[in-house]
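Asks: Mind looking over this structure? Questions follow.
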Amino acid sequence: MARSRYLPDNFTLALVATVTLASLWPASGATAQFFERLTTVAIGLLFFLHGAKLSREAILGGITHWRLHLLVFAATFVMFPLLGLALKPVLTPLVTPELYTGVLFLCVLPATVQSAIAFTSMARGNIPAAVCSASASTLLGVFVTPLLVNLIVVQHGAAGASLDAIGRILLQLMVPFVAGHLLRPWIGGWMKRRGSVLTLVDRGSILLVVYTAFSAAVIEGLWKQVPMSALAGLLAVCAVLLALALCITAWASRALGFDKADEITIVFCGSKKSLASGIPMAKVLFASHAVGAIVLPLMLFHQMQLMVCAVLAQRYARRRADPAVAEVETVKSAA
C-alpha cells in the first residue's frame with residue numbers, strides 16, 4: 001500500500017529520530033569534537049557532489065528568462081525577510097525569542113534545489129527556468145544570507161561580521177562546490193549512475209549536523225527553554241509564512257503576466273527554503289549551543305512545505321492536463 005502524502009516521509013522520520021537521540025544521549029567532550037569534524041567533512045563532500053551534479057547546459061537553457069529569475073530572487077531574499085520582520089510583533093508571542101530568531105534565519109535562506117525542481121516538473125512548469133533559479137538562489141545565498149543575517153538577525157545572536165561569515169561559508173561550502181563542478185566532465189557520468197550516493201551524503205550530512213547541533217543545545221538546556229506551547233505556536237508561525245509566500249508568489253506571477261508554466265516555477269522556487277543549505281550555514285553563522293533552536297523552525301517549515309507543495313503540484317498538474325482549462329489559460333495569457 002502506498003504511503004499517504006499527508007504522512008511524514010522516511011527522511012522526516014529520521015530527523016525526528018536524530019533529535020530524539022540527541023535529546024536522550026547528547027554528544028559531549030571528545031565525542032562531540034569527533035562529530036564536529038565528521039560533520040565538516042560530510043558537508044564539504046555534500047557540496048562537492050552537488051557541484052559535480054549541476055548541469056551547465058540546464059543553467060544556460062533557463063538563464064535568459066531574467067524577469068522570472070528576478071521575481072524568484074525578490075521572493076526569496078526580499079519578500080520573506082520583510083514578512084518575518086512585519087509579522088514579528090504578531091507572531092513572537094506564539095514562540096520563544098530564540099525560536100523566532102530561527103524564524104528570521106529561515107526567512108533569509110536561499111531556495112531549495114531538488115524539491116523545487118521536482119515539484120515544478122510534477123506540476124508541468126518551466127523546468128529549465130526552475131533549474132536556473134533554484135541553483136542560482138543557492139549560489140547567491142552564499143553571499144546574501146550572511147549579509148541579511150547581520151542586518152536582520154545579528155541582534156538576536158548571530159556570530160561574527162558579515163565578511164568573516166561570507167569567508168567561512170565560501171571556504172566550507174563554495175570551494176568544494178566549485179571544485180566538484182570543475183571536475184564534472186570526469187565524474188558527471190559516474191554521478192548520474194550513482195544518484196543514490198548523493199542522496200546518502202545529502203541526508204547523512206544533514207542528520208549529522210542536526211545531531212551535533214541538538215546535542216550542544218540540549219546540554220545548554222534547549223528543552224527546558226522551549227515549552228510544548230511554543231512548539232505548537234511554531235507550527236502556526238510556519239503555516240502562516242508558507243501560506244503567505246504561496247499566495248503572494250502566485251498573485252505576483254499572474255499580475256505581471258507570466259503564463260501558467262512560469263507561474264508554477266515562480267511559486268515552487270519562490271516559496272521554498274533550503275534545509276540542505278540552511279543547516280550548514282547555521283553551523284557556520286551561529287554559536288554551537290544556539291544552532292538547535294535556530295534550525296528547529298527550518299526543520300518544521302521544510303516538512304510543511306513538502307506536504308503542501310506535493311498537494312499543490314498535483315492540483316497544477318491536473319489543471320494543465322485538462323485541455324479545456326489549458327485553452328482558457330492560454331487565451332487569458334494572450335489577452
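Ordering of the C-alpha cells sets the chain letters (A, B, ...); residue numbers start at 1 within each chain; ligands are numbered from 1 in the order shown.
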From a DSSP calculation on the backbone, collect every residue of region 64-299 of chain A in alpha helix (DSSP H) and output the set as a PyMOL selection string.

Replies: chain A and resi 66-74+80-86+88-91+97-107+114-122+127-148+162-169+175-182+184-193+195-219+222-225+228-255+260-270+275-285+288-299

Asks: Using only C-alpha atoms, which protein or nucleic acid residues come within 9 Å of region 86-91 of chain A? Drop anything in the same chain fewer than 3 positions from it, and give the result as a VMD selection string.

Replies: chain A and resid 81 to 83 94 to 95 100 104 233 to 234 236 to 237 241

Asks: Residues as selected, C-alpha atoms, written as an mmCIF file, in the first residue's frame, can you do that?

Replies:
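Generated file (result29.cif):
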```
data_model
loop_
_atom_site.group_PDB
_atom_site.id
_atom_site.type_symbol
_atom_site.label_atom_id
_atom_site.label_comp_id
_atom_site.auth_asym_id
_atom_site.auth_seq_id
_atom_site.Cartn_x
_atom_site.Cartn_y
_atom_site.Cartn_z
ATOM 1 C CA PRO A 81 12.671 38.806 5.241
ATOM 2 C CA LEU A 82 10.036 41.552 5.089
ATOM 3 C CA LEU A 83 7.336 39.074 6.117
ATOM 4 C CA LEU A 94 3.398 32.365 19.978
ATOM 5 C CA VAL A 95 7.025 31.236 20.353
ATOM 6 C CA TYR A 100 11.709 33.496 16.391
ATOM 7 C CA LEU A 104 14.095 35.136 10.901
ATOM 8 C CA GLY A 233 2.993 28.144 18.186
ATOM 9 C CA LEU A 234 5.952 27.477 15.896
ATOM 10 C CA ALA A 236 1.296 28.075 13.390
ATOM 11 C CA VAL A 237 4.073 30.556 12.523
ATOM 12 C CA LEU A 241 4.637 32.137 6.463
#
```

Asks: Show me, as JSON lines, the residues of region 281-327 of chain A having an atom within 12 Å of region 170-188 of chain A, each with the closest atom pair and its distance in Å, using only C-alpha atoms.

Replies:
```
{"residue": "A:Met281", "atom": "CA", "partner": "A:Leu173", "partner_atom": "CA", "distance": 8.7}
{"residue": "A:Lys283", "atom": "CA", "partner": "A:Gln172", "partner_atom": "CA", "distance": 10.6}
{"residue": "A:Val284", "atom": "CA", "partner": "A:Gln172", "partner_atom": "CA", "distance": 8.6}
{"residue": "A:Leu285", "atom": "CA", "partner": "A:Gln172", "partner_atom": "CA", "distance": 11.8}
```

Asks: Just the residues within 9 Å of Phe35 (chain A), please, counting only C-alpha atoms, with nothing from its chain fewer than 3 positions along; format it as a PDB file with C-alpha atoms, in the first residue's frame.

Replies:
```
ATOM      1  CA  ALA A  27      27.354  14.073  22.373  1.00  0.00           C
ATOM      2  CA  ALA A  30      35.745  14.208  22.781  1.00  0.00           C
ATOM      3  CA  THR A  31      32.691  12.574  21.181  1.00  0.00           C
ATOM      4  CA  ALA A  32      31.250  15.972  20.313  1.00  0.00           C
ATOM      5  CA  LEU A  38      32.935  14.391  10.757  1.00  0.00           C
ATOM      6  CA  THR A  39      30.134  16.871  10.058  1.00  0.00           C
ATOM      7  CA  THR A  40      32.538  19.380   8.477  1.00  0.00           C
ATOM      8  CA  LEU A 208      24.990  14.702  11.395  1.00  0.00           C
ATOM      9  CA  VAL A 209      24.559  18.473  11.692  1.00  0.00           C
ATOM     10  CA  TYR A 211      22.683  15.571  15.901  1.00  0.00           C
ATOM     11  CA  THR A 212      25.680  17.755  16.773  1.00  0.00           C
TER      12      THR A 212
END
```

Asks: Could you tell me which of A:Val218, A:Val19, A:Leu46, A:Cys247 comes closest to Gly204 (chain A) if we count only C-alpha atoms?

Replies: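 That would be A:Leu46, the residue with the smallest distance to Gly204 (chain A).
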
Asks: Skipping near chain neighbours, those fewer than 6 positions away, what residues fall within 10 Å of Ala22 (chain A) using only C-alpha atoms, listed as a compact mmCIF listing (two decimals) with all heavy atoms, in the first residue's frame?

Replies:
```
# COMPACT_ATOMS: atom_id res chain seq x y z
N VAL A 16 13.36 13.20 13.10
CA VAL A 16 12.74 13.08 14.42
C VAL A 16 13.55 12.13 15.30
O VAL A 16 13.80 12.40 16.48
CB VAL A 16 11.28 12.61 14.29
CG1 VAL A 16 10.69 12.32 15.67
CG2 VAL A 16 10.44 13.66 13.57
N VAL A 210 22.32 17.98 12.45
CA VAL A 210 21.20 18.04 13.41
C VAL A 210 21.61 17.39 14.73
O VAL A 210 21.31 17.93 15.81
CB VAL A 210 19.96 17.35 12.81
CG1 VAL A 210 18.89 17.14 13.88
CG2 VAL A 210 19.40 18.18 11.67
N TYR A 211 22.28 16.25 14.67
CA TYR A 211 22.68 15.57 15.90
C TYR A 211 23.67 16.42 16.71
O TYR A 211 23.50 16.60 17.93
CB TYR A 211 23.30 14.21 15.60
CG TYR A 211 23.75 13.49 16.85
CD1 TYR A 211 22.81 12.96 17.74
CD2 TYR A 211 25.10 13.35 17.15
CE1 TYR A 211 23.22 12.32 18.90
CE2 TYR A 211 25.51 12.71 18.31
CZ TYR A 211 24.57 12.21 19.18
OH TYR A 211 24.98 11.58 20.34
N THR A 212 24.70 16.95 16.05
CA THR A 212 25.68 17.75 16.77
C THR A 212 25.05 19.04 17.30
O THR A 212 25.33 19.48 18.42
CB THR A 212 26.88 18.09 15.87
OG1 THR A 212 26.42 18.74 14.67
CG2 THR A 212 27.66 16.86 15.50
N ALA A 213 24.18 19.67 16.48
CA ALA A 213 23.55 20.93 16.89
C ALA A 213 22.63 20.72 18.09
O ALA A 213 22.67 21.47 19.07
CB ALA A 213 22.77 21.53 15.73
N PHE A 214 21.79 19.68 18.01
CA PHE A 214 20.86 19.45 19.10
C PHE A 214 21.56 18.91 20.34
O PHE A 214 21.12 19.16 21.46
CB PHE A 214 19.73 18.52 18.65
CG PHE A 214 18.59 19.25 18.02
CD1 PHE A 214 18.59 19.53 16.67
CD2 PHE A 214 17.52 19.69 18.78
CE1 PHE A 214 17.55 20.23 16.07
CE2 PHE A 214 16.47 20.40 18.20
CZ PHE A 214 16.48 20.66 16.85
N SER A 215 22.66 18.19 20.16
CA SER A 215 23.42 17.74 21.32
C SER A 215 23.93 18.94 22.12
O SER A 215 23.76 19.00 23.36
CB SER A 215 24.61 16.87 20.88
OG SER A 215 24.19 15.64 20.35
N ALA A 216 24.52 19.89 21.41
CA ALA A 216 25.03 21.10 22.09
C ALA A 216 23.89 21.88 22.72
O ALA A 216 24.01 22.41 23.83
CB ALA A 216 25.80 21.97 21.09
N ALA A 217 22.76 21.96 22.00
CA ALA A 217 21.63 22.73 22.51
C ALA A 217 21.01 22.06 23.74
O ALA A 217 20.61 22.73 24.69
CB ALA A 217 20.58 22.90 21.41
N VAL A 218 20.90 20.73 23.72
CA VAL A 218 20.33 20.01 24.85
C VAL A 218 21.20 20.17 26.09
O VAL A 218 20.69 20.38 27.21
CB VAL A 218 20.15 18.52 24.50
CG1 VAL A 218 19.87 17.69 25.74
CG2 VAL A 218 19.01 18.35 23.49
N ILE A 219 22.51 20.11 25.90
CA ILE A 219 23.43 20.30 27.02
C ILE A 219 23.27 21.70 27.62
O ILE A 219 23.38 21.91 28.83
CB ILE A 219 24.89 20.07 26.57
CG1 ILE A 219 25.10 18.57 26.27
CG2 ILE A 219 25.88 20.52 27.62
CD1 ILE A 219 26.42 18.25 25.65
```

Asks: Which polymer residues have any atom within 12 Å of an atom of Trp251 (chain A), counting only C-alpha atoms, with same-chain residues fewer than 3 positions away left out, as a list of chain:residue names?

Replies: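 Within the cut-off, the hits are A:Leu71, A:Ala75, A:Leu244, A:Ala245, A:Leu246, A:Cys247, A:Ile248, A:Arg254, A:Ala255, A:Leu256, A:Gly257, A:Phe258, A:Lys260, A:Glu263, A:Ile264, A:Ile266, A:Val267.
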